[in-house]
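> Structure supplied as upload_19.csv; contents: CSV, C-alpha atoms.
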chain,number,residue,atom,x,y,z
A,1,MET,CA,-59.8,16.8,5.0
A,2,SER,CA,-57.9,18.7,7.6
A,3,ASP,CA,-55.5,21.6,8.0
A,4,ALA,CA,-52.7,19.4,9.4
A,5,THR,CA,-49.8,19.3,7.0
A,6,VAL,CA,-47.4,16.5,7.8
A,7,SER,CA,-44.6,14.6,6.2
A,8,ASP,CA,-44.4,10.8,6.2
A,9,SER,CA,-42.5,11.0,9.5
A,10,GLY,CA,-45.4,12.8,11.0
A,11,HIS,CA,-43.5,16.2,11.2
A,12,ARG,CA,-45.8,19.2,10.9
A,13,LEU,CA,-44.5,21.7,8.3
A,14,LYS,CA,-45.0,25.4,8.8
A,15,PRO,CA,-47.9,25.3,11.3
A,16,LEU,CA,-50.0,28.4,11.5
A,17,ALA,CA,-50.8,30.0,14.9
A,18,PRO,CA,-54.4,29.2,15.8
A,19,ALA,CA,-55.3,32.9,15.7
A,20,MET,CA,-53.8,33.3,12.2
A,21,LEU,CA,-55.6,30.1,11.0
A,22,ARG,CA,-58.9,31.5,12.3
A,23,GLU,CA,-58.3,34.9,10.6
A,24,LEU,CA,-57.4,33.3,7.2
A,25,SER,CA,-60.3,30.9,7.4
A,26,VAL,CA,-63.0,33.6,7.6
A,27,ARG,CA,-65.5,33.1,4.8
A,28,SER,CA,-67.2,35.9,3.1
A,29,ASN,CA,-70.5,36.1,1.2
A,30,LEU,CA,-69.3,39.4,-0.3
A,31,ARG,CA,-66.0,38.1,-1.6
A,32,GLY,CA,-67.7,35.0,-3.0
A,33,ALA,CA,-70.4,37.1,-4.7
A,34,VAL,CA,-67.8,39.4,-6.3
A,35,GLN,CA,-65.8,36.5,-7.6
A,36,SER,CA,-68.8,34.4,-8.9
A,37,LEU,CA,-70.8,37.3,-10.3
A,38,GLY,CA,-67.6,38.6,-12.0
A,39,HIS,CA,-66.9,35.2,-13.5
A,40,TYR,CA,-70.5,34.7,-14.7
A,41,GLY,CA,-70.8,38.3,-15.8
A,42,VAL,CA,-67.8,38.0,-18.2
A,43,ILE,CA,-69.2,34.7,-19.5
A,44,LEU,CA,-72.6,36.4,-20.3
A,45,LEU,CA,-70.8,39.3,-21.9
A,46,VAL,CA,-68.6,37.1,-24.1
A,47,GLY,CA,-71.6,34.9,-24.9
A,48,ALA,CA,-73.6,37.9,-26.1
A,49,LEU,CA,-70.7,39.0,-28.3
A,50,ILE,CA,-70.4,35.5,-29.8
A,51,TRP,CA,-74.1,35.4,-30.7
A,52,MET,CA,-73.9,38.9,-32.2
A,53,VAL,CA,-70.8,38.2,-34.3
A,54,ALA,CA,-72.1,34.7,-35.4
A,55,SER,CA,-75.5,36.1,-36.3
A,56,ARG,CA,-74.1,39.0,-38.4
A,57,LEU,CA,-70.8,37.7,-39.8
A,58,GLY,CA,-71.0,33.9,-39.4
A,59,VAL,CA,-69.7,31.4,-37.0
A,60,LEU,CA,-66.1,31.3,-38.2
A,61,TRP,CA,-65.7,35.0,-37.2
A,62,ALA,CA,-66.8,34.1,-33.7
A,63,LEU,CA,-64.2,31.4,-33.2
A,64,PRO,CA,-61.7,33.6,-31.3
A,65,LEU,CA,-64.4,34.7,-29.0
A,66,MET,CA,-65.4,31.0,-28.5
A,67,ALA,CA,-61.9,30.3,-27.4
A,68,VAL,CA,-62.1,33.0,-24.8
A,69,GLN,CA,-65.5,31.8,-23.7
A,70,GLY,CA,-64.1,28.2,-23.5
A,71,TYR,CA,-61.4,29.3,-21.1
A,72,LEU,CA,-64.0,31.1,-18.9
A,73,VAL,CA,-66.7,28.3,-19.0
A,74,ALA,CA,-64.2,25.4,-18.4
A,75,PHE,CA,-62.8,27.2,-15.4
A,76,LEU,CA,-66.2,27.2,-13.8
A,77,PHE,CA,-64.6,24.0,-12.5
A,78,MET,CA,-63.0,26.3,-9.9
A,79,ALA,CA,-66.4,27.5,-8.7
A,80,VAL,CA,-67.4,23.8,-8.3
A,81,HIS,CA,-64.2,23.1,-6.5
A,82,GLU,CA,-64.4,26.0,-4.0
A,83,THR,CA,-68.1,25.5,-3.3
A,84,ALA,CA,-67.4,21.8,-2.7
A,85,HIS,CA,-65.2,22.9,0.2
A,86,LYS,CA,-68.0,25.2,1.3
A,87,THR,CA,-65.5,28.1,1.4
A,88,ALA,CA,-66.7,30.2,-1.5
A,89,PHE,CA,-69.4,31.8,0.7
A,90,LYS,CA,-70.1,31.9,4.4
A,91,SER,CA,-73.7,30.9,3.5
A,92,ARG,CA,-74.0,27.1,2.9
A,93,GLY,CA,-77.0,27.8,0.7
A,94,LEU,CA,-75.0,30.1,-1.6
A,95,ASN,CA,-72.3,27.5,-1.9
A,96,LEU,CA,-74.9,24.9,-3.0
A,97,VAL,CA,-76.5,27.2,-5.5
A,98,VAL,CA,-73.3,28.3,-7.2
A,99,GLY,CA,-71.9,24.7,-7.0
A,100,TYR,CA,-74.9,23.1,-8.6
A,101,LEU,CA,-75.2,25.7,-11.3
A,102,SER,CA,-71.5,25.6,-12.2
A,103,GLY,CA,-71.5,21.8,-12.1
A,104,PHE,CA,-74.4,21.6,-14.4
A,105,ILE,CA,-72.8,24.0,-16.9
A,106,ILE,CA,-69.5,22.0,-17.1
A,107,GLY,CA,-71.2,18.6,-17.0
A,108,LEU,CA,-69.8,17.6,-13.5
A,109,PRO,CA,-72.5,16.6,-11.0
A,110,TYR,CA,-71.9,18.6,-7.8
A,111,GLU,CA,-72.7,16.0,-5.1
A,112,TYR,CA,-70.6,13.4,-6.9
A,113,TYR,CA,-67.7,15.8,-7.2
A,114,CYS,CA,-67.8,16.7,-3.5
A,115,LEU,CA,-67.3,13.0,-2.6
A,116,PHE,CA,-64.7,12.5,-5.3
A,117,HIS,CA,-62.8,15.5,-4.1
A,118,TRP,CA,-63.0,14.6,-0.4
A,119,ASP,CA,-61.1,11.3,-1.2
A,120,HIS,CA,-58.6,13.3,-3.4
A,121,HIS,CA,-57.7,15.4,-0.4
A,122,ARG,CA,-57.5,12.4,2.0
A,123,TYR,CA,-55.4,10.3,-0.3
A,124,THR,CA,-53.5,12.8,-2.5
A,125,GLN,CA,-51.0,11.1,-4.8
A,126,ASP,CA,-51.9,7.6,-3.5
A,127,PRO,CA,-52.2,5.6,-6.7
A,128,GLU,CA,-54.5,3.1,-5.2
A,129,ARG,CA,-56.9,5.5,-3.4
A,130,ASP,CA,-56.7,9.0,-4.9
A,131,PRO,CA,-59.6,9.2,-7.3
A,132,GLU,CA,-57.7,11.5,-9.6
A,133,LEU,CA,-55.1,8.9,-10.2
A,134,VAL,CA,-57.5,5.9,-10.2
A,135,VAL,CA,-59.5,7.4,-13.1
A,136,GLY,CA,-56.6,9.3,-14.6
A,137,VAL,CA,-55.6,8.6,-18.2
A,138,LYS,CA,-52.5,6.4,-18.4
A,139,PRO,CA,-51.2,7.2,-21.9
A,140,LYS,CA,-49.1,4.6,-23.7
A,141,SER,CA,-48.1,6.8,-26.6
A,142,ASP,CA,-47.6,10.4,-27.5
A,143,THR,CA,-50.9,10.4,-29.4
A,144,GLN,CA,-52.7,9.1,-26.3
A,145,LEU,CA,-50.8,11.7,-24.2
A,146,ALA,CA,-52.0,14.5,-26.5
A,147,LEU,CA,-55.5,13.3,-26.2
A,148,ALA,CA,-55.2,13.3,-22.5
A,149,TYR,CA,-54.0,16.9,-22.5
A,150,SER,CA,-56.9,17.9,-24.7
A,151,GLY,CA,-59.3,17.0,-21.8
A,152,VAL,CA,-61.8,15.5,-24.2
A,153,LEU,CA,-61.4,11.9,-22.9
A,154,GLN,CA,-61.9,13.1,-19.3
A,155,VAL,CA,-65.1,15.0,-20.1
A,156,ALA,CA,-66.5,12.1,-22.2
A,157,GLY,CA,-65.7,9.7,-19.3
A,158,ARG,CA,-67.5,11.7,-16.6
A,159,LEU,CA,-70.5,12.3,-18.9
A,160,TRP,CA,-70.6,8.5,-19.6
A,161,LEU,CA,-70.3,7.8,-15.9
A,162,MET,CA,-73.2,10.2,-15.1
A,163,LEU,CA,-75.3,8.6,-17.8
A,164,GLY,CA,-74.6,5.2,-16.4
A,165,HIS,CA,-75.7,6.3,-13.0
A,166,ALA,CA,-78.9,7.8,-14.4
A,167,VAL,CA,-79.8,4.8,-16.5
A,168,THR,CA,-78.8,1.9,-14.3
A,169,GLY,CA,-79.4,3.4,-10.9
A,170,LYS,CA,-76.2,1.8,-9.7
A,171,VAL,CA,-73.0,3.5,-8.3
A,172,VAL,CA,-70.0,1.3,-7.8
A,173,VAL,CA,-67.0,3.7,-7.6
A,174,PRO,CA,-65.3,3.3,-4.2
A,175,TRP,CA,-65.3,6.9,-3.3
A,176,ILE,CA,-69.1,7.1,-3.1
A,177,PRO,CA,-70.3,5.6,0.3
A,178,GLU,CA,-73.2,3.3,0.3
A,179,ASN,CA,-75.5,5.7,2.1
A,180,ARG,CA,-74.8,8.4,-0.6
A,181,ARG,CA,-75.4,6.4,-3.7
A,182,ALA,CA,-79.1,7.1,-4.0
A,183,ILE,CA,-78.4,10.8,-4.0
A,184,ILE,CA,-75.8,10.4,-6.7
A,185,VAL,CA,-78.3,8.5,-8.9
A,186,THR,CA,-81.0,11.2,-8.3
A,187,GLU,CA,-78.5,13.9,-9.1
A,188,ALA,CA,-77.4,12.2,-12.3
A,189,ARG,CA,-81.0,11.7,-13.5
A,190,ALA,CA,-81.8,15.4,-12.8
A,191,TYR,CA,-78.8,16.6,-14.8
A,192,VAL,CA,-79.6,14.3,-17.7
A,193,ALA,CA,-83.3,15.3,-17.7
A,194,LEU,CA,-82.3,19.0,-17.8
A,195,TYR,CA,-79.8,18.5,-20.6
A,196,ALA,CA,-82.5,16.6,-22.6
A,197,LEU,CA,-85.0,19.5,-22.0
A,198,LEU,CA,-82.5,22.1,-23.2
A,199,LEU,CA,-81.9,19.9,-26.3
A,200,VAL,CA,-85.6,19.7,-27.0
A,201,LEU,CA,-86.1,23.4,-26.6
A,202,SER,CA,-83.1,24.2,-28.9
A,203,LEU,CA,-84.6,21.9,-31.6
A,204,TRP,CA,-88.1,23.3,-31.0
A,205,PHE,CA,-86.9,26.9,-31.6
A,206,SER,CA,-84.4,25.9,-34.2
A,207,SER,CA,-81.7,27.7,-32.2
A,208,ALA,CA,-78.0,27.1,-32.1
A,209,LEU,CA,-77.5,29.6,-29.3
A,210,LEU,CA,-76.5,27.1,-26.7
A,211,LEU,CA,-74.2,25.3,-29.2
A,212,TRP,CA,-72.1,28.3,-29.9
A,213,VAL,CA,-72.0,30.1,-26.6
A,214,TRP,CA,-71.8,27.0,-24.3
A,215,ILE,CA,-71.2,23.5,-25.8
A,216,VAL,CA,-68.5,24.3,-28.3
A,217,PRO,CA,-66.7,26.7,-26.0
A,218,LEU,CA,-66.8,24.1,-23.2
A,219,ILE,CA,-65.1,21.6,-25.4
A,220,ILE,CA,-62.5,24.2,-26.5
A,221,GLY,CA,-61.9,25.1,-22.9
A,222,GLN,CA,-60.7,21.7,-22.0
A,223,PHE,CA,-57.5,22.4,-23.9
A,224,PHE,CA,-56.8,25.1,-21.3
A,225,LEU,CA,-58.2,23.4,-18.2
A,226,ARG,CA,-56.6,20.0,-18.5
A,227,PRO,CA,-52.9,21.2,-18.7
A,228,TYR,CA,-53.7,23.4,-15.7
A,229,LEU,CA,-55.0,20.5,-13.7
A,230,TYR,CA,-52.0,18.3,-14.6
A,231,ALA,CA,-49.8,21.1,-13.1
A,232,GLU,CA,-51.3,20.6,-9.7
A,233,HIS,CA,-49.7,17.3,-8.8
A,234,THR,CA,-47.9,15.7,-11.8
A,235,GLY,CA,-44.3,14.9,-11.0
A,236,CYS,CA,-44.7,15.6,-7.3
A,237,GLU,CA,-43.7,13.2,-4.5
A,238,ARG,CA,-46.1,10.5,-3.3
A,239,THR,CA,-46.1,11.5,0.4
A,240,ARG,CA,-48.6,12.8,2.8
A,241,SER,CA,-47.1,16.3,2.9
A,242,ALA,CA,-49.0,18.9,0.8
A,243,PHE,CA,-45.6,20.7,0.6
A,244,GLN,CA,-44.2,17.8,-1.3
A,245,ASN,CA,-47.1,16.2,-3.1
A,246,THR,CA,-48.6,19.4,-4.7
A,247,ARG,CA,-47.3,22.2,-6.9
A,248,THR,CA,-47.9,25.9,-6.6
A,249,THR,CA,-47.6,27.7,-10.0
A,250,TYR,CA,-46.7,31.3,-10.1
A,251,THR,CA,-48.6,33.0,-12.8
A,252,GLY,CA,-50.3,36.3,-13.8
A,253,ALA,CA,-53.2,38.1,-12.0
A,254,ILE,CA,-55.8,37.3,-14.8
A,255,VAL,CA,-55.1,33.5,-14.6
A,256,LYS,CA,-55.3,33.6,-10.8
A,257,TRP,CA,-58.6,35.4,-11.0
A,258,ILE,CA,-60.1,33.0,-13.5
A,259,ALA,CA,-58.8,30.1,-11.5
A,260,TRP,CA,-60.1,31.4,-8.2
A,261,ASN,CA,-56.5,31.6,-6.8
A,262,MET,CA,-56.1,27.8,-7.1
A,263,PRO,CA,-52.6,28.2,-8.7
A,264,TYR,CA,-51.7,28.6,-5.0
A,265,HIS,CA,-52.4,24.8,-4.8
A,266,VAL,CA,-49.9,23.8,-2.2
A,267,GLU,CA,-51.5,26.4,0.1
A,268,HIS,CA,-54.9,25.0,-0.6
A,269,HIS,CA,-54.0,21.4,0.1
A,270,ALA,CA,-52.1,22.3,3.2
A,271,TYR,CA,-55.0,24.3,4.6
A,272,PRO,CA,-58.2,23.4,2.8
A,273,SER,CA,-60.4,25.3,5.2
A,274,ILE,CA,-58.9,28.6,4.0
A,275,PRO,CA,-61.0,30.3,1.3
A,276,PHE,CA,-59.8,31.2,-2.1
A,277,HIS,CA,-59.5,34.9,-1.4
A,278,ALA,CA,-57.0,34.4,1.5
A,279,LEU,CA,-54.6,32.1,-0.4
A,280,PRO,CA,-52.3,34.9,-1.6
A,281,LYS,CA,-51.8,36.0,2.0
A,282,LEU,CA,-51.2,32.4,3.0
A,283,ASN,CA,-48.6,32.1,0.3
A,284,GLY,CA,-46.7,34.9,1.8
A,285,ILE,CA,-46.5,32.9,5.0
A,286,VAL,CA,-45.6,29.4,3.7
A,287,ASP,CA,-43.8,30.3,0.4
A,288,GLY,CA,-40.4,29.2,1.8
A,289,GLU,CA,-41.7,25.7,2.5
A,290,ILE,CA,-43.0,25.0,-1.0
A,291,VAL,CA,-41.0,22.3,-2.8
A,292,HIS,CA,-42.6,22.2,-6.3
A,293,ARG,CA,-42.8,25.7,-7.8
A,294,GLY,CA,-44.2,26.1,-11.3
A,295,ARG,CA,-43.0,29.2,-13.3
A,296,GLY,CA,-46.0,29.9,-15.5
A,297,TYR,CA,-48.3,27.3,-17.1
A,298,ILE,CA,-46.6,27.1,-20.5
A,299,ARG,CA,-43.3,26.1,-18.8
A,300,THR,CA,-45.0,23.9,-16.3
A,301,THR,CA,-47.0,22.1,-19.0
A,302,ARG,CA,-43.7,21.3,-20.8
A,303,GLU,CA,-42.4,19.8,-17.5
A,304,THR,CA,-45.5,17.7,-16.8
A,305,TRP,CA,-45.6,16.5,-20.4
A,306,ALA,CA,-41.9,15.4,-20.1
A,307,TRP,CA,-42.7,13.7,-16.8
A,308,PHE,CA,-45.4,11.6,-18.4
A,309,ARG,CA,-43.1,10.6,-21.2
A,310,ARG,CA,-40.3,9.6,-18.8
A,311,HIS,CA,-42.8,7.8,-16.6
A,312,ARG,CA,-44.1,5.8,-19.5
A,313,GLN,CA,-40.7,4.9,-20.8
A,314,ALA,CA,-39.6,3.8,-17.4
A,315,GLY,CA,-42.3,1.2,-17.3
Could you write out this structure as structure tokens?

Amino acid sequence: MSDATVSDSGHRLKPLAPAMLRELSVRSNLRGAVQSLGHYGVILLVGALIWMVASRLGVLWALPLMAVQGYLVAFLFMAVHETAHKTAFKSRGLNLVVGYLSGFIIGLPYEYYCLFHWDHHRYTQDPERDPELVVGVKPKSDTQLALAYSGVLQVAGRLWLMLGHAVTGKVVVPWIPENRRAIIVTEARAYVALYALLLVLSLWFSSALLLWVWIVPLIIGQFFLRPYLYAEHTGCERTRSAFQNTRTTYTGAIVKWIAWNMPYHVEHHAYPSIPFHALPKLNGIVDGEIVHRGRGYIRTTRETWAWFRRHRQAG
């Protein structure tokens, strides 16, 4: 990954002065701590409310809270993403701690994702080499499209892949280099062992706590996360320029906070060394260069859904 933003002709779009790039690229343990502790703090608060309501009134009364929890837990994906870039904190150790913890919670092995995401940035929108397109669901009907937007298939697929790595000890996906495959296997086995331990403890104590405050919300949360992720690149050009192959979606402050400012996605792809907390300022500099501009996630989801349907009908 680099901070060079070029078109197919090699023309650099909206270069930043070196001094400005250095200023925006400053990483902060404080800003990372405020964001991550805030995100986790709200998750713990809502989780406590779920358990209290479910224990006193029944699980059904807690379903609205589970939907809120689902949004929060699923969007820990953003913590994994930012720490994969090592930009959430100045400290590499803090990036790793938050990355591993968040990856474990959402069922996405951290080291695996770092390598997956590296190739995504190198080959964005290349159907042959961008891992997001290689493993992406290719719906052949509206029913399959609806399943894709639910996110359930994607989660099941990555859990199955992780289990395969753990059981077989083999890694064959092209975005994992040969010299990193042993690490991916070890990581997968550690995740599976910890999941198994939590299951055994839950059964031992006859407790459904983790089911209601974590597992069910995580599944519900995919209905929010997957449309968000489709908004990032769906329908954008297949060029090398981040200003053409990526979409920035303009949305409210709460959504931007939960998503760690990643709705500023053109900005992130153009300058991936710039941490999440500086992306709003970067947007003020490059906004005029952005080609694909989403106006809220409801409207943008309708547009990406329509793109998938047109793309399918076209062949």
> So which residues touch His311 (chain A) within 12 Å, counting only C-alpha atoms, skipping near sequence neighbours fewer than 2 positions away, as a compact mmCIF listing (two decimals) with C-alpha atoms, keeping the file's coordinate frame?

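Output contents, as saved in part_22.txt:
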# COMPACT_ATOMS: atom_id res chain seq x y z
CA LYS A 138 -52.50 6.40 -18.40
CA PRO A 139 -51.20 7.20 -21.90
CA LYS A 140 -49.10 4.60 -23.70
CA SER A 141 -48.10 6.80 -26.60
CA LEU A 145 -50.80 11.70 -24.20
CA THR A 234 -47.90 15.70 -11.80
CA GLY A 235 -44.30 14.90 -11.00
CA THR A 304 -45.50 17.70 -16.80
CA TRP A 305 -45.60 16.50 -20.40
CA ALA A 306 -41.90 15.40 -20.10
CA TRP A 307 -42.70 13.70 -16.80
CA PHE A 308 -45.40 11.60 -18.40
CA ARG A 309 -43.10 10.60 -21.20
CA GLN A 313 -40.70 4.90 -20.80
CA ALA A 314 -39.60 3.80 -17.40
CA GLY A 315 -42.30 1.20 -17.30
> Give me the residues near Ala188 (chain A) as a list in words, where near means some atom within 8 Å (using all atoms listed in the file) and where sequence neighbours in that chain fewer than 5 positions away do not count.
Pro109, Met162, Leu163, His165 and Ala166 of chain A
> Dump C-alpha atoms for the selected residues as a PDB file, in the frame of the given file?

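Okay, part18.pdb is ready:
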ATOM      1  CA  PRO A 109     -72.500  16.600 -11.000  1.00  0.00           C
ATOM      2  CA  MET A 162     -73.200  10.200 -15.100  1.00  0.00           C
ATOM      3  CA  LEU A 163     -75.300   8.600 -17.800  1.00  0.00           C
ATOM      4  CA  HIS A 165     -75.700   6.300 -13.000  1.00  0.00           C
ATOM      5  CA  ALA A 166     -78.900   7.800 -14.400  1.00  0.00           C
TER       6      ALA A 166
END
> With distances taken over all atoms listed in the file, which of A:Val213, A:Leu60, A:Leu229, A:Val68 is nearest to Gly136 (chain A)?
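Going through A:Val213, A:Leu60, A:Leu229, A:Val68 one by one, the smallest distance to Gly136 (chain A) is for A:Leu229.
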> Distance CA of Val167 (chain A)-CA of Cys114 (chain A), one decimal place?
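For CA of Val167 (chain A) relative to CA of Cys114 (chain A), the distance reads 21.3 Å.
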> With only C-alpha atoms as the basis for distance, which of A:Ala84, A:Ala33, A:Leu96, A:Leu161 is at the shortest distance from Trp118 (chain A)?
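Checking each of A:Ala84, A:Ala33, A:Leu96, A:Leu161 against Trp118 (chain A), counting only C-alpha atoms, the winner is A:Ala84.
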> Around all the atoms of region 33-39 of chain A listed in the file, with 5 Å of room on each side, what axis-aligned box do you get, giving centre and edge lengths in Å to one decimal, as lines of an AutoDock Vina configuration file?

center_x = -68.3
center_y = 36.9
center_z = -9.1
size_x = 15.0
size_y = 15.0
size_z = 18.8
> Write out as a PDB file with C-alpha atoms, in the coordinates of the input the residues lying within 9 Å of Thr186 (chain A), counting all atoms listed in the file and excluding same-chain residues fewer than 4 positions away.

ATOM      1  CA  HIS A 165     -75.700   6.300 -13.000  1.00  0.00           C
ATOM      2  CA  ALA A 166     -78.900   7.800 -14.400  1.00  0.00           C
ATOM      3  CA  GLY A 169     -79.400   3.400 -10.900  1.00  0.00           C
ATOM      4  CA  ARG A 181     -75.400   6.400  -3.700  1.00  0.00           C
ATOM      5  CA  ALA A 182     -79.100   7.100  -4.000  1.00  0.00           C
ATOM      6  CA  ALA A 190     -81.800  15.400 -12.800  1.00  0.00           C
ATOM      7  CA  TYR A 191     -78.800  16.600 -14.800  1.00  0.00           C
TER       8      TYR A 191
END
> Using all atoms listed in the file, what residues lie at most 10 Å away from (-75.7, 18.7, -16.6) (file coordinates), given as a list in words?
Tyr100, Leu101, Ser102, Gly103, Phe104, Ile105, Ile106, Gly107, Leu108, Pro109, Tyr110, Leu159, Met162, Glu187, Ala188, Arg189, Ala190, Tyr191, Val192, Ala193, Leu194, Tyr195 and Ala196 of chain A
> May I ask for the distance between CA of Val53 (chain A) and CA of Phe224 (chain A), given in Å to one decimal place?
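Those two atoms sit 23.2 Å apart.
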> When you count all atoms listed in the file, which of these residues is closest to Ala74 (chain A): A:Ser207, A:Gln222, A:Asn179, A:Ser91?
A:Gln222
> Tell me which of A:Trp212, A:Pro275, A:Lys281, A:Arg122 sits closest to Ser55 (chain A), counting all atoms listed in the file.
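Nearest candidate to Ser55 (chain A) out of A:Trp212, A:Pro275, A:Lys281, A:Arg122: A:Trp212.
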> Calculated over only C-alpha atoms, which of the candidates A:Arg158, A:Arg247, A:Arg31, A:Arg295 has the smallest distance to His268 (chain A)?
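Among the listed residues, the smallest separation from His268 (chain A) belongs to A:Arg247.
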> Could you tell me how far CA of Arg92 (chain A) sits from CA of His265 (chain A), in Å to one decimal place?
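Interatomic distance, CA of His265 (chain A) to CA of Arg92 (chain A): 23.0 Å.
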> Would you fill out region 212-227 of chain A with N, CA, C and O atoms and return it as a CSV table (one decimal), in the coordinates of the input?

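Below is the file that was written, rebuild24.csv:
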chain,number,residue,atom,x,y,z
A,212,TRP,N,-73.2,27.4,-29.7
A,212,TRP,CA,-72.1,28.3,-29.9
A,212,TRP,C,-71.6,29.1,-28.7
A,212,TRP,O,-70.4,29.4,-28.6
A,213,VAL,N,-72.5,29.3,-27.7
A,213,VAL,CA,-72.0,30.1,-26.6
A,213,VAL,C,-71.7,29.2,-25.4
A,213,VAL,O,-71.2,29.7,-24.4
A,214,TRP,N,-72.0,27.9,-25.5
A,214,TRP,CA,-71.8,27.0,-24.3
A,214,TRP,C,-71.1,25.7,-24.7
A,214,TRP,O,-70.0,25.5,-24.3
A,215,ILE,N,-71.7,24.9,-25.5
A,215,ILE,CA,-71.2,23.5,-25.8
A,215,ILE,C,-69.9,23.6,-26.5
A,215,ILE,O,-68.9,23.0,-26.0
A,216,VAL,N,-69.8,24.2,-27.6
A,216,VAL,CA,-68.5,24.3,-28.3
A,216,VAL,C,-67.4,25.0,-27.5
A,216,VAL,O,-66.3,24.5,-27.4
A,217,PRO,N,-67.7,26.1,-26.9
A,217,PRO,CA,-66.7,26.7,-26.0
A,217,PRO,C,-66.2,25.8,-24.8
A,217,PRO,O,-65.1,25.7,-24.5
A,218,LEU,N,-67.2,25.0,-24.3
A,218,LEU,CA,-66.8,24.1,-23.2
A,218,LEU,C,-65.8,23.1,-23.7
A,218,LEU,O,-64.9,22.7,-22.9
A,219,ILE,N,-66.0,22.6,-24.9
A,219,ILE,CA,-65.1,21.6,-25.4
A,219,ILE,C,-63.7,22.3,-25.7
A,219,ILE,O,-62.7,21.7,-25.3
A,220,ILE,N,-63.7,23.4,-26.3
A,220,ILE,CA,-62.5,24.2,-26.5
A,220,ILE,C,-61.7,24.4,-25.2
A,220,ILE,O,-60.5,24.3,-25.1
A,221,GLY,N,-62.5,24.8,-24.2
A,221,GLY,CA,-61.9,25.1,-22.9
A,221,GLY,C,-61.2,24.0,-22.2
A,221,GLY,O,-60.3,24.3,-21.4
A,222,GLN,N,-61.4,22.8,-22.6
A,222,GLN,CA,-60.7,21.7,-22.0
A,222,GLN,C,-59.2,21.7,-22.3
A,222,GLN,O,-58.4,21.2,-21.6
A,223,PHE,N,-58.9,22.3,-23.5
A,223,PHE,CA,-57.5,22.4,-23.9
A,223,PHE,C,-56.7,23.3,-23.0
A,223,PHE,O,-55.5,23.3,-22.9
A,224,PHE,N,-57.4,24.2,-22.3
A,224,PHE,CA,-56.8,25.1,-21.3
A,224,PHE,C,-56.9,24.5,-19.9
A,224,PHE,O,-55.9,24.5,-19.1
A,225,LEU,N,-58.0,23.9,-19.6
A,225,LEU,CA,-58.2,23.4,-18.2
A,225,LEU,C,-57.3,22.2,-17.9
A,225,LEU,O,-56.7,22.1,-16.8
A,226,ARG,N,-57.3,21.2,-18.8
A,226,ARG,CA,-56.6,20.0,-18.5
A,226,ARG,C,-55.1,20.2,-18.2
A,226,ARG,O,-54.6,19.6,-17.2
A,227,PRO,N,-54.3,20.9,-19.0
A,227,PRO,CA,-52.9,21.2,-18.7
A,227,PRO,C,-52.8,21.9,-17.3
A,227,PRO,O,-51.9,21.6,-16.5
